[in-house]
Structures are given as structure tokens and as C-alpha cells.
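To be precise, the following lines are start20.pdb, and they hold PDB, C-alpha atoms.
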ATOM      1  CA  MET A1250       8.753 -26.216  -9.062
ATOM      2  CA  PRO A1251       7.065 -29.636  -8.956
ATOM      3  CA  HIS A1252       4.310 -29.789  -6.324
ATOM      4  CA  HIS A1253       4.897 -33.330  -5.054
ATOM      5  CA  PHE A1254       2.503 -32.711  -2.185
ATOM      6  CA  MET A1255      -0.577 -32.570  -4.455
ATOM      7  CA  PRO A1256      -2.269 -35.793  -5.612
ATOM      8  CA  TYR A1257      -2.786 -34.315  -9.106
ATOM      9  CA  GLU A1258      -0.906 -32.317 -11.719
ATOM     10  CA  VAL A1259      -1.857 -29.262 -13.777
ATOM     11  CA  PRO A1260      -1.064 -29.469 -17.516
ATOM     12  CA  GLU A1261       1.645 -27.047 -18.563
ATOM     13  CA  GLN A1262      -0.697 -25.358 -21.049
ATOM     14  CA  LYS A1263      -2.989 -24.405 -18.147
ATOM     15  CA  GLN A1264      -0.248 -22.780 -16.084
ATOM     16  CA  VAL A1265       0.197 -19.015 -15.769
ATOM     17  CA  ARG A1266       3.166 -16.899 -14.690
ATOM     18  CA  VAL A1267       2.563 -14.820 -11.587
ATOM     19  CA  ILE A1268       4.373 -12.058  -9.690
ATOM     20  CA  ILE A1269       2.955 -11.369  -6.216
ATOM     21  CA  ASN A1270       3.207  -7.845  -4.840
ATOM     22  CA  THR A1271       2.327  -7.827  -1.160
ATOM     23  CA  ASP A1272       2.309  -5.453   1.815
ATOM     24  CA  ALA A1273       2.785  -8.625   3.846
ATOM     25  CA  LYS A1274       3.518  -7.094   7.249
ATOM     26  CA  CYS A1275       0.592  -4.669   7.195
ATOM     27  CA  GLU A1276      -1.912  -6.919   8.951
ATOM     28  CA  ALA A1277      -2.640 -10.653   8.872
ATOM     29  CA  ASP A1278      -4.358 -11.720   5.641
ATOM     30  CA  ASP A1279      -1.509 -11.310   3.120
ATOM     31  CA  GLN A1280       0.233 -14.356   4.546
ATOM     32  CA  TYR A1281      -2.797 -16.554   3.820
ATOM     33  CA  ALA A1282      -2.835 -15.431   0.175
ATOM     34  CA  ILE A1283       0.935 -15.992  -0.166
ATOM     35  CA  VAL A1284       0.670 -19.569   1.120
ATOM     36  CA  HIS A1285      -2.407 -20.255  -1.039
ATOM     37  CA  ALA A1286      -0.518 -19.086  -4.142
ATOM     38  CA  ILE A1287       2.538 -21.229  -3.374
ATOM     39  CA  LEU A1288       0.326 -24.303  -2.927
ATOM     40  CA  SER A1289      -1.491 -23.749  -6.260
ATOM     41  CA  GLN A1290       0.229 -25.609  -9.098
ATOM     42  CA  ARG A1291      -1.426 -23.580 -11.844
ATOM     43  CA  LEU A1292       0.528 -20.544 -10.624
ATOM     44  CA  GLN A1293       4.172 -20.480 -11.668
ATOM     45  CA  ILE A1294       5.454 -17.819  -9.287
ATOM     46  CA  LYS A1295       8.213 -15.660 -10.774
ATOM     47  CA  GLY A1296       8.897 -13.676  -7.624
ATOM     48  CA  PHE A1297       7.473 -11.880  -4.624
ATOM     49  CA  ILE A1298       7.714  -8.116  -4.157
ATOM     50  CA  GLY A1299       7.577  -6.574  -0.685
ATOM     51  CA  ALA A1300       5.332  -3.490  -0.817
ATOM     52  CA  HIS A1301       5.065  -0.445   1.446
ATOM     53  CA  PHE A1302       1.889   0.227   3.415
ATOM     54  CA  GLY A1303       2.051   3.921   4.162
ATOM     55  CA  PRO A1304       2.623   5.592   7.519
ATOM     56  CA  ARG A1305       1.769   2.619   9.784
ATOM     57  CA  SER A1306       5.470   1.809  10.115
ATOM     58  CA  ALA A1307       8.869   3.497   9.798
ATOM     59  CA  ALA A1308      10.095   1.001   7.158
ATOM     60  CA  PRO A1309       6.978  -0.737   5.815
ATOM     61  CA  MET A1310       8.448  -2.117   2.583
ATOM     62  CA  GLU A1311      11.419  -3.673   4.412
ATOM     63  CA  GLU A1312       9.033  -5.248   6.921
ATOM     64  CA  SER A1313       6.924  -6.712   4.098
ATOM     65  CA  TYR A1314      10.052  -8.055   2.382
ATOM     66  CA  GLU A1315      11.175  -9.746   5.611
ATOM     67  CA  GLU A1316       7.713 -11.193   6.264
ATOM     68  CA  VAL A1317       7.630 -12.854   2.823
ATOM     69  CA  GLU A1318      11.032 -14.372   3.594
ATOM     70  CA  ARG A1319       9.751 -15.612   6.959
ATOM     71  CA  VAL A1320       6.737 -17.358   5.369
ATOM     72  CA  LEU A1321       8.935 -19.028   2.739
ATOM     73  CA  GLN A1322      11.405 -20.108   5.427
ATOM     74  CA  LEU A1323       8.645 -21.727   7.492
ATOM     75  CA  MET A1324       7.524 -23.671   4.411
ATOM     76  CA  GLY A1325      11.087 -24.823   3.676
ATOM     77  CA  MET A1326      11.011 -22.918   0.372
ATOM     78  CA  ARG A1327      13.242 -19.880   0.860
ATOM     79  CA  GLU A1328      15.674 -21.046  -1.846
ATOM     80  CA  GLN A1329      12.954 -21.693  -4.417
ATOM     81  CA  TYR A1330      11.640 -18.151  -4.924
ATOM     82  CA  GLY A1331      13.100 -14.711  -5.498
ATOM     83  CA  VAL A1332      12.005 -11.991  -3.064
ATOM     84  CA  TYR A1333      12.428  -8.389  -4.217
ATOM     85  CA  ARG A1334      12.133  -4.980  -2.620
ATOM     86  CA  GLY A1335       9.420  -2.679  -3.974
ATOM     87  CA  ALA A1336       9.229   1.091  -3.682
ATOM     88  CA  PRO A1337       9.688   2.278  -0.080
ATOM     89  CA  HIS A1338       6.928   4.909  -0.493
ATOM     90  CA  LYS A1339       4.255   6.127  -2.912
ATOM     91  CA  ILE A1340       5.033   7.879  -6.196
ATOM     92  CA  PRO A1341       5.441  11.673  -5.870
ATOM     93  CA  ASP A1342       3.064  12.437  -8.776
ATOM     94  CA  VAL A1343       1.447  10.762 -11.797
ATOM     95  CA  HIS A1344       4.507  11.368 -14.008
ATOM     96  CA  THR A1345       7.301  10.136 -11.736
ATOM     97  CA  PRO A1346       8.101   6.490 -10.985
ATOM     98  CA  VAL A1347       9.863   5.213  -7.873
ATOM     99  CA  PRO A1348      12.121   2.588  -9.482
ATOM    100  CA  SER A1349      12.926  -0.508  -7.423
ATOM    101  CA  GLU A1350      13.952  -4.153  -7.723
ATOM    102  CA  GLY A1351      10.224  -4.867  -7.806
ATOM    103  CA  SER A1352       9.352  -2.559 -10.690
ATOM    104  CA  GLN A1353      12.336  -3.952 -12.596
ATOM    105  CA  LEU A1354      11.149  -7.526 -12.002
ATOM    106  CA  ILE A1355       7.736  -6.622 -13.469
ATOM    107  CA  ILE A1356       9.395  -5.059 -16.533
ATOM    108  CA  ASP A1357      11.829  -7.951 -17.055
ATOM    109  CA  GLU A1358       9.172 -10.652 -16.736
ATOM    110  CA  ALA A1359       6.678  -8.771 -18.921
ATOM    111  CA  MET A1360       9.219  -8.315 -21.723
ATOM    112  CA  LYS A1361      10.160 -12.031 -21.757
ATOM    113  CA  ASP A1362       9.203 -14.137 -24.719
ATOM    114  CA  ASP A1363       6.981 -16.656 -22.928
ATOM    115  CA  PRO A1364       3.693 -18.009 -24.314
ATOM    116  CA  ARG A1365       2.163 -18.343 -20.837
ATOM    117  CA  PRO A1366       0.190 -15.276 -19.723
ATOM    118  CA  LEU A1367       1.677 -13.094 -16.987
ATOM    119  CA  PHE A1368      -0.459 -11.952 -14.058
ATOM    120  CA  VAL A1369       0.831  -9.487 -11.482
ATOM    121  CA  THR A1370      -1.254  -9.452  -8.299
ATOM    122  CA  PHE A1371      -1.349  -6.509  -5.906
ATOM    123  CA  GLN A1372      -2.414  -7.071  -2.296
ATOM    124  CA  GLY A1373      -1.564  -3.491  -1.304
ATOM    125  CA  PRO A1374      -0.897  -0.249  -3.218
ATOM    126  CA  LEU A1375      -0.315  -0.064  -6.988
ATOM    127  CA  THR A1376       2.987   1.834  -6.594
ATOM    128  CA  ASP A1377       5.217  -0.779  -8.235
ATOM    129  CA  LEU A1378       2.898  -1.295 -11.219
ATOM    130  CA  ALA A1379       2.575   2.448 -11.863
ATOM    131  CA  SER A1380       6.364   2.794 -11.550
ATOM    132  CA  ALA A1381       7.043  -0.125 -13.913
ATOM    133  CA  TYR A1382       4.632   1.334 -16.487
ATOM    134  CA  LEU A1383       6.108   4.850 -16.210
ATOM    135  CA  GLN A1384       9.589   3.332 -16.633
ATOM    136  CA  GLU A1385       8.615   1.085 -19.571
ATOM    137  CA  PRO A1386       5.172   1.704 -21.169
ATOM    138  CA  ARG A1387       5.598  -1.313 -23.485
ATOM    139  CA  ILE A1388       4.689  -3.658 -20.618
ATOM    140  CA  ALA A1389       1.037  -2.527 -20.849
ATOM    141  CA  ASP A1390      -0.186  -5.258 -23.200
ATOM    142  CA  ARG A1391       2.133  -7.945 -21.835
ATOM    143  CA  LEU A1392       0.537  -8.561 -18.435
ATOM    144  CA  ILE A1393      -2.778  -8.568 -16.573
ATOM    145  CA  ALA A1394      -2.909  -6.840 -13.186
ATOM    146  CA  VAL A1395      -5.186  -8.009 -10.361
ATOM    147  CA  TRP A1396      -5.712  -5.449  -7.596
ATOM    148  CA  ILE A1397      -7.282  -5.904  -4.185
ATOM    149  CA  GLY A1398      -8.330  -2.342  -3.409
ATOM    150  CA  GLY A1399     -10.544   0.660  -3.958
ATOM    151  CA  GLY A1400     -13.897   1.677  -2.508
ATOM    152  CA  THR A1401     -17.334   0.474  -3.573
ATOM    153  CA  TYR A1402     -18.663   1.540  -6.974
ATOM    154  CA  PRO A1403     -20.042   3.863  -8.203
ATOM    155  CA  GLU A1404     -19.134   6.553  -5.630
ATOM    156  CA  GLY A1405     -15.991   5.143  -4.043
ATOM    157  CA  HIS A1406     -14.801   5.975  -0.520
ATOM    158  CA  ASP A1407     -11.855   5.690   1.839
ATOM    159  CA  GLU A1408     -10.043   2.355   1.386
ATOM    160  CA  PHE A1409      -6.676   1.381   2.847
ATOM    161  CA  ASN A1410      -4.775   0.029  -0.189
ATOM    162  CA  LEU A1411      -5.959   2.931  -2.324
ATOM    163  CA  SER A1412      -5.075   5.466   0.387
ATOM    164  CA  ASN A1413      -1.424   4.404   0.277
ATOM    165  CA  ASP A1414      -0.980   5.620  -3.327
ATOM    166  CA  VAL A1415      -3.860   7.423  -5.038
ATOM    167  CA  ASP A1416      -1.569   8.735  -7.808
ATOM    168  CA  ALA A1417      -0.485   5.185  -8.693
ATOM    169  CA  VAL A1418      -4.123   4.141  -9.094
ATOM    170  CA  ASN A1419      -4.753   7.079 -11.429
ATOM    171  CA  VAL A1420      -1.691   6.110 -13.494
ATOM    172  CA  VAL A1421      -2.946   2.532 -13.852
ATOM    173  CA  PHE A1422      -6.613   3.421 -14.418
ATOM    174  CA  ASN A1423      -5.573   5.778 -17.235
ATOM    175  CA  SER A1424      -3.127   3.318 -18.795
ATOM    176  CA  PRO A1425      -3.990   0.496 -21.218
ATOM    177  CA  ILE A1426      -2.905  -2.189 -18.684
ATOM    178  CA  PRO A1427      -5.649  -4.853 -18.410
ATOM    179  CA  LEU A1428      -6.885  -4.631 -14.823
ATOM    180  CA  TRP A1429      -9.108  -6.805 -12.628
ATOM    181  CA  GLN A1430     -10.186  -4.826  -9.566
ATOM    182  CA  VAL A1431     -11.598  -6.400  -6.398
ATOM    183  CA  PRO A1432     -13.035  -3.454  -4.428
ATOM    184  CA  LYS A1433     -13.640  -3.330  -0.675
ATOM    185  CA  ASN A1434     -17.287  -4.504  -0.686
ATOM    186  CA  VAL A1435     -16.168  -7.620  -2.609
ATOM    187  CA  TYR A1436     -12.929  -8.550  -0.854
ATOM    188  CA  GLU A1437     -14.744  -8.267   2.490
ATOM    189  CA  MET A1438     -16.897 -11.235   1.394
ATOM    190  CA  VAL A1439     -14.045 -13.586   2.336
ATOM    191  CA  ARG A1440     -15.134 -13.701   5.948
ATOM    192  CA  VAL A1441     -13.782 -16.247   8.428
ATOM    193  CA  SER A1442     -14.233 -16.916  12.128
ATOM    194  CA  LEU A1443     -11.335 -17.461  14.490
ATOM    195  CA  ALA A1444     -12.924 -20.760  15.523
ATOM    196  CA  GLU A1445     -12.909 -21.885  11.880
ATOM    197  CA  LEU A1446      -9.211 -21.021  11.584
ATOM    198  CA  ALA A1447      -8.471 -22.894  14.827
ATOM    199  CA  VAL A1448      -9.949 -26.045  13.273
ATOM    200  CA  LYS A1449      -8.989 -25.654   9.592
ATOM    201  CA  VAL A1450      -5.601 -23.887   9.735
ATOM    202  CA  ARG A1451      -3.855 -24.188  13.103
ATOM    203  CA  PRO A1452      -3.343 -28.008  13.134
ATOM    204  CA  HIS A1453      -1.701 -28.103   9.704
ATOM    205  CA  GLY A1454       2.054 -27.979  10.014
ATOM    206  CA  ARG A1455       4.458 -25.218  10.961
ATOM    207  CA  ILE A1456       2.961 -22.747   8.502
ATOM    208  CA  GLY A1457      -0.632 -23.448   9.610
ATOM    209  CA  SER A1458       0.333 -22.849  13.211
ATOM    210  CA  TYR A1459       2.133 -19.612  12.264
ATOM    211  CA  LEU A1460      -0.780 -18.283  10.173
ATOM    212  CA  TYR A1461      -3.241 -18.904  12.994
ATOM    213  CA  ASP A1462      -1.074 -17.537  15.831
ATOM    214  CA  TYR A1463      -0.069 -14.455  13.851
ATOM    215  CA  LEU A1464      -3.679 -13.551  13.045
ATOM    216  CA  VAL A1465      -4.963 -14.170  16.578
ATOM    217  CA  ASN A1466      -2.137 -12.076  18.057
ATOM    218  CA  HIS A1467      -2.890  -9.307  15.565
ATOM    219  CA  ASN A1468      -6.546  -9.499  16.612
ATOM    220  CA  MET A1469      -5.623  -9.002  20.283
ATOM    221  CA  LYS A1470      -3.095  -6.272  19.528
ATOM    222  CA  ASN A1471      -5.845  -4.238  17.839
ATOM    223  CA  GLY A1472      -8.455  -4.976  20.511
ATOM    224  CA  HIS A1473      -8.649  -1.342  21.608
ATOM    225  CA  ARG A1474      -9.842  -0.099  18.201
ATOM    226  CA  PRO A1475     -13.586   0.667  18.143
ATOM    227  CA  GLN A1476     -14.576  -0.483  14.619
ATOM    228  CA  TRP A1477     -12.045  -3.066  13.493
ATOM    229  CA  PRO A1478     -11.374  -5.914  14.032
ATOM    230  CA  LYS A1479     -14.692  -7.384  15.128
ATOM    231  CA  GLY A1480     -13.292  -9.654  17.840
ATOM    232  CA  GLU A1481     -14.193 -13.142  16.618
ATOM    233  CA  THR A1482     -13.971 -12.753  12.859
ATOM    234  CA  TRP A1483     -11.498 -11.667  10.215
ATOM    235  CA  VAL A1484     -11.534 -10.975   6.490
ATOM    236  CA  LEU A1485      -9.025 -12.813   4.275
ATOM    237  CA  GLY A1486      -9.402 -10.015   1.770
ATOM    238  CA  ASP A1487      -6.212 -10.670  -0.193
ATOM    239  CA  SER A1488      -7.116 -14.249  -1.105
ATOM    240  CA  PRO A1489      -9.201 -13.383  -4.223
ATOM    241  CA  ALA A1490      -5.887 -12.299  -5.809
ATOM    242  CA  VAL A1491      -5.086 -16.021  -5.857
ATOM    243  CA  SER A1492      -8.513 -17.573  -6.395
ATOM    244  CA  LEU A1493      -9.358 -15.482  -9.465
ATOM    245  CA  LEU A1494      -6.258 -16.887 -11.189
ATOM    246  CA  LEU A1495      -7.562 -20.400 -10.496
ATOM    247  CA  GLU A1496     -11.161 -19.590 -11.501
ATOM    248  CA  GLU A1497     -11.886 -16.160 -12.931
ATOM    249  CA  GLN A1498     -15.637 -16.166 -12.165
ATOM    250  CA  ARG A1499     -16.486 -14.757 -15.564
ATOM    251  CA  PHE A1500     -20.127 -14.025 -14.743
ATOM    252  CA  ASP A1501     -19.322 -12.122 -11.569
ATOM    253  CA  TYR A1502     -17.779  -8.900 -12.836
ATOM    254  CA  GLU A1503     -18.709  -5.831 -14.841
ATOM    255  CA  LEU A1504     -16.641  -3.920 -17.358
ATOM    256  CA  VAL A1505     -16.502  -0.336 -16.134
ATOM    257  CA  GLU A1506     -14.996   2.750 -17.747
ATOM    258  CA  ALA A1507     -12.019   3.394 -15.480
ATOM    259  CA  PRO A1508     -12.731   6.496 -13.388
ATOM    260  CA  ASN A1509     -10.335   9.042 -11.983
ATOM    261  CA  VAL A1510      -9.848   8.999  -8.216
ATOM    262  CA  ASP A1511      -9.882  12.282  -6.288
ATOM    263  CA  ALA A1512      -8.046  13.188  -3.074
ATOM    264  CA  GLU A1513     -11.020  11.945  -0.989
ATOM    265  CA  MET A1514     -10.744   8.585  -2.798
ATOM    266  CA  ARG A1515     -14.050   9.052  -4.610
ATOM    267  CA  TYR A1516     -14.498   7.811  -8.163
ATOM    268  CA  ILE A1517     -14.949  10.586 -10.717
ATOM    269  CA  ALA A1518     -16.562   9.237 -13.895
ATOM    270  CA  LYS A1519     -14.403   9.527 -17.003
ATOM    271  CA  PRO A1520     -16.724   8.760 -19.949
ATOM    272  CA  GLY A1521     -14.916   7.176 -22.880
ATOM    273  CA  ASN A1522     -11.982   5.980 -20.775
ATOM    274  CA  ARG A1523     -10.778   2.395 -21.265
ATOM    275  CA  LYS A1524     -12.684  -0.347 -19.441
ATOM    276  CA  ILE A1525     -11.502  -2.336 -16.441
ATOM    277  CA  ARG A1526     -12.952  -5.495 -14.927
ATOM    278  CA  VAL A1527     -14.606  -4.717 -11.568
ATOM    279  CA  TYR A1528     -15.750  -7.716  -9.557
ATOM    280  CA  ARG A1529     -19.236  -7.699  -7.994
ATOM    281  CA  SER A1530     -18.666 -10.850  -5.936
ATOM    282  CA  VAL A1531     -16.146 -13.579  -5.168
ATOM    283  CA  ASP A1532     -16.861 -17.173  -4.188
ATOM    284  CA  SER A1533     -15.647 -17.338  -0.598
ATOM    285  CA  ARG A1534     -16.703 -21.001  -0.226
ATOM    286  CA  PHE A1535     -14.417 -21.966  -3.116
ATOM    287  CA  ILE A1536     -11.566 -19.713  -1.944
ATOM    288  CA  LEU A1537     -11.537 -21.005   1.625
ATOM    289  CA  GLU A1538     -12.173 -24.695   0.949
ATOM    290  CA  ASP A1539      -9.454 -24.776  -1.702
ATOM    291  CA  PHE A1540      -7.019 -23.129   0.702
ATOM    292  CA  TYR A1541      -7.867 -25.415   3.640
ATOM    293  CA  ALA A1542      -7.553 -28.544   1.463
ATOM    294  CA  LYS A1543      -4.187 -27.512   0.022
ATOM    295  CA  LEU A1544      -2.863 -26.607   3.467
ATOM    296  CA  ALA A1545      -3.896 -30.032   4.833
ATOM    297  CA  LEU A1546      -2.271 -31.822   1.877
ATOM    298  CA  PHE A1547       0.926 -29.815   2.314
ATOM    299  CA  ALA A1548       1.019 -30.638   6.047
ATOM    300  CA  LEU A1549       0.763 -34.374   5.224
ATOM    301  CA  TYR A1550       3.623 -34.044   2.746
ATOM    302  CA  GLU A1551       5.690 -32.116   5.294
ATOM    303  CA  LYS A1552       5.115 -34.817   7.918
ATOM    304  CA  GLU A1553       6.284 -37.518   5.529
ATOM    305  CA  ARG A1554       9.294 -35.455   4.486
ATOM    306  CA  ASP A1555      10.275 -34.857   8.120
ATOM    307  CA  SER A1556       9.942 -38.534   9.021
ATOM    308  CA  GLN A1557      12.280 -39.513   6.163
ATOM    309  CA  GLU A1558      15.015 -37.040   7.122
TER     310      GLU A1558
END

Spit out the file's structure as C-alpha cells when you get a sec.
Amino acid sequence: MPHHFMPYEVPEQKQVRVIINTDAKCEADDQYAIVHAILSQRLQIKGFIGAHFGPRSAAPMEESYEEVERVLQLMGMREQYGVYRGAPHKIPDVHTPVPSEGSQLIIDEAMKDDPRPLFVTFQGPLTDLASAYLQEPRIADRLIAVWIGGGTYPEGHDEFNLSNDVDAVNVVFNSPIPLWQVPKNVYEMVRVSLAELAVKVRPHGRIGSYLYDYLVNHNMKNGHRPQWPKGETWVLGDSPAVSLLLEEQRFDYELVEAPNVDAEMRYIAKPGNRKIRVYRSVDSRFILEDFYAKLALFALYEKERDSQE
């Protein structure tokens, strides 16, 4: 899709194919990452997959699917992207996939003959990647997975995205799929204040207004919880799934032998296992400024488009 709202173009040779797997209705940061990805010309999005987010809802995957559709609708882009349903729940064990439209999309796109690299980003559990791999192991060397999730290294600890499918993480860690992991201590670096969002996001078009209102309402709705959220701040923890495809920060990660993960979500060292890329830090200044600038440019384009109609 041509991005007429940007004052520059990205050469075709620099573009990458992307599938975005998102538990979009879980809280309020997925939507920011979805919009950021759509507004980034380097990313040629091949589809969105609605992901489950465990027991927080009766039909979490369906809610995520509908939320992706809502975001696209607000941007006037519902017809331009495919939205697919992922697995409605976690895999039953490390040998058994939960096939879905989403896992099939990953397989189909991975097996295509396309010179551009394929990235599949995961803003929630790894269920659909583990399922796709268990269904068709040949995808392993035909994509790179980027996962927002997992506790801090080296010990590991309770972390939400991991908690929603520990078996899937063990499948992926013990597969040959190239993996970039952004663990909790790193994704929490993308810290924003509500005041900042009121100035940098809210004024910018229908989608800016929606992103701001949705997050602030979510903040109030969870006001009774003792630890999270903090009251005046939020973490846009899913946004590195987009920014690392724009700039991979090649001096900011370590190659780690993929561990096993136990039932308490701790990392159990597995010497000799294949290596995965584990990020130590992400550049929140770059992530946020790039997002704010693209949102402002899109709002200008939208205004012009509306005035011509």
C-alpha cells in the first residue's frame, strides 16, 4: 500500500514482510504498536492475527480480532489488510498445535517465494507460532520471530505474555526458529506519561483521539489495583515489536542459549541449546518520537483527505 501521507519513500529493497500477532484487547498498548506498524512504510504488513490473552475474558481471541478491526476502521483502512483469528486458547502440550486461520497465515506466508525477509511479531503469547511450527516445521528457517515477553534474565519470573502459554514458549525456544526476545525489564523501558499522550497523541485525528481515550479509560478502570497501573504513567511495551524492525539496535542485545521455562516461569539453563537474541535495552526516545511524528503526519493527510471529499 502506498503511504501517501509520508513526505518520503522507502526503497523496495529495504522493505520487509510482516505479520502482526496481537492480543489487542488485553490492555491498552497493543493499539499503539498496531498504528505505528501501519504508519511505517518499511513494513509491508501481510495480515494481523487476533491472539488470546488467557483467562481475563470469556472470548479473548475474538475480542482481540474485533479490536484490530476497530483500529483499522478508525484509520479508514479496514479493506486494505487481512485480519485473521488465532488460537482461542493455549496449546495443550508441547507436541500438539491448535490450528487456526492465524497459524495457517504464518505457514502460507513463510512458504512463499519472496526475496523480502518475513518477520512475525508477537505482542502476546507465542501460541500461533508454536502451532504453525508444529503443523509445518519447514517454516523454521523462513521467518524471524520477534516476541514481547518473558521475565528478566538470567532467572526469569512471572510475566503476563509468557503466562498465557508456557508450552508454546518451550516449543519455540527449542526450535530452530530465529527469535528476538524483548523481556519484561526491557519492554518496560518504553515509559510514557498521560500528560505526554494528551499533547502528542490525543490531538492527532480520529485514531489519536481513540488511542488516548482508550488508554485513559483503561487506566481509570484499573484504578483499584494496588501495583499496576501507576496512575499517571503507562508502558507502551508492545512498541519495540515495531521499532526493532525499523532499527534493530545491533549493539543492544546478547545471544543467549535458549533456556527451558518451568511452571513457575523461571528460566532453566539448557547448555548447548541454540542461541536466541535477547535484548538488553530499547531506545524509547526513538520509538516514541518516530510514532508521534508519523501520527501527526497521518492526521495532516487525513484532514486534507476529508476536506477534499

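Between Gln1372 of chain A and the candidates A:Arg1529, A:Arg1327, A:Arg1334, A:His1301, the tightest atom-to-atom separation, counting all atoms listed in the file, involves A:His1301.
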
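Reported to one decimal place, the separation of atom CA of Pro1346 of chain A from atom CA of Ala1379 of chain A is 6.9 Å.
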
Residue members of the PyMOL selection byres ((chain A and resi 1265-1271) around 8) in the file shown, as a list in words: Lys1263, Gln1264, Asp1272, Ala1273, Asp1279, Ile1283, Arg1291, Leu1292, Gln1293, Ile1294, Lys1295, Gly1296, Phe1297, Ile1298, Gly1299, Ala1300, Ser1313, Ile1355, Arg1365, Pro1366, Leu1367, Phe1368, Val1369, Thr1370, Phe1371, Gln1372 and Gly1373 of chain A

Go ahead and save the picked residues with C-alpha atoms, as a PDB file, in the coordinates of the input.
ATOM      1  CA  LYS A1263      -2.989 -24.405 -18.147  1.00  0.00           C
ATOM      2  CA  GLN A1264      -0.248 -22.780 -16.084  1.00  0.00           C
ATOM      3  CA  ASP A1272       2.309  -5.453   1.815  1.00  0.00           C
ATOM      4  CA  ALA A1273       2.785  -8.625   3.846  1.00  0.00           C
ATOM      5  CA  ASP A1279      -1.509 -11.310   3.120  1.00  0.00           C
ATOM      6  CA  ILE A1283       0.935 -15.992  -0.166  1.00  0.00           C
ATOM      7  CA  ARG A1291      -1.426 -23.580 -11.844  1.00  0.00           C
ATOM      8  CA  LEU A1292       0.528 -20.544 -10.624  1.00  0.00           C
ATOM      9  CA  GLN A1293       4.172 -20.480 -11.668  1.00  0.00           C
ATOM     10  CA  ILE A1294       5.454 -17.819  -9.287  1.00  0.00           C
ATOM     11  CA  LYS A1295       8.213 -15.660 -10.774  1.00  0.00           C
ATOM     12  CA  GLY A1296       8.897 -13.676  -7.624  1.00  0.00           C
ATOM     13  CA  PHE A1297       7.473 -11.880  -4.624  1.00  0.00           C
ATOM     14  CA  ILE A1298       7.714  -8.116  -4.157  1.00  0.00           C
ATOM     15  CA  GLY A1299       7.577  -6.574  -0.685  1.00  0.00           C
ATOM     16  CA  ALA A1300       5.332  -3.490  -0.817  1.00  0.00           C
ATOM     17  CA  SER A1313       6.924  -6.712   4.098  1.00  0.00           C
ATOM     18  CA  ILE A1355       7.736  -6.622 -13.469  1.00  0.00           C
ATOM     19  CA  ARG A1365       2.163 -18.343 -20.837  1.00  0.00           C
ATOM     20  CA  PRO A1366       0.190 -15.276 -19.723  1.00  0.00           C
ATOM     21  CA  LEU A1367       1.677 -13.094 -16.987  1.00  0.00           C
ATOM     22  CA  PHE A1368      -0.459 -11.952 -14.058  1.00  0.00           C
ATOM     23  CA  VAL A1369       0.831  -9.487 -11.482  1.00  0.00           C
ATOM     24  CA  THR A1370      -1.254  -9.452  -8.299  1.00  0.00           C
ATOM     25  CA  PHE A1371      -1.349  -6.509  -5.906  1.00  0.00           C
ATOM     26  CA  GLN A1372      -2.414  -7.071  -2.296  1.00  0.00           C
ATOM     27  CA  GLY A1373      -1.564  -3.491  -1.304  1.00  0.00           C
TER      28      GLY A1373
END

Answer key for the PyMOL selection byres ((chain A and resi 1468) around 10), residues as a list in words: Glu1276, Ala1277, Leu1443, Asp1462, Tyr1463, Leu1464, Val1465, Asn1466, His1467, Met1469, Lys1470, Asn1471, Gly1472, His1473, Trp1477, Pro1478, Lys1479, Gly1480, Glu1481, Thr1482 and Trp1483 of chain A

Segment 1256-1259 of chain A environment, 12 Å, only C-alpha atoms, sequence neighbours closer than 2 positions dropped, as a ChimeraX atom specification: /A:1250-1254,1261-1265,1288-1293,1495,1542-1543,1546-1547,1549-1550

Residue among A:Pro1508, A:Pro1348, A:Pro1489, A:Pro1304 lying closest to Asn1419 of chain A, counting all atoms listed in the file: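 The answer is A:Pro1508, which sits nearest to Asn1419 of chain A.
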
From A:Ala1394, A:Glu1358, A:Ala1417, A:Leu1428, residue lying nearest Ala1336 of chain A [all atoms listed in the file]: A:Ala1417

Hits from the PyMOL selection byres ((chain A and resi 1454) around 12), listed as a VMD selection string: chain A and resid 1323 to 1325 1449 to 1453 1455 to 1461 1543 to 1555

In the coordinates of the file, take the point (6.3, 3.7, -4.9) and a cut-off of 6 Å; then, counting all atoms listed in the file, name each qualifying protein, DNA or RNA residue as a JSON list (two decimals) with C-alpha atoms, in the frame of the given file.
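Listing of result_26.json after writing:
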[["chain", "number", "residue", "atom", "x", "y", "z"],
["A", 1336, "ALA", "CA", 9.23, 1.09, -3.68],
["A", 1338, "HIS", "CA", 6.93, 4.91, -0.49],
["A", 1339, "LYS", "CA", 4.26, 6.13, -2.91],
["A", 1340, "ILE", "CA", 5.03, 7.88, -6.20],
["A", 1347, "VAL", "CA", 9.86, 5.21, -7.87],
["A", 1376, "THR", "CA", 2.99, 1.83, -6.59],
["A", 1377, "ASP", "CA", 5.22, -0.78, -8.24]]

Residue contacts of segment 1520-1522 of chain A (8 Å, only C-alpha atoms) excluding same-chain residues fewer than 5 positions away, as a list in words: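 Skipping anything fewer than 5 positions along the chain leaves Asn1423, Glu1506, Ala1507 and Pro1508 of chain A.
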
Please produce an output containing C-alpha atoms for each residue in the selection, written as a compact mmCIF listing (two decimals), keeping the file's coordinate frame.
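Here's the written file result38.txt:
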# COMPACT_ATOMS: atom_id res chain seq x y z
CA ASN A 1423 -5.57 5.78 -17.24
CA GLU A 1506 -15.00 2.75 -17.75
CA ALA A 1507 -12.02 3.39 -15.48
CA PRO A 1508 -12.73 6.50 -13.39
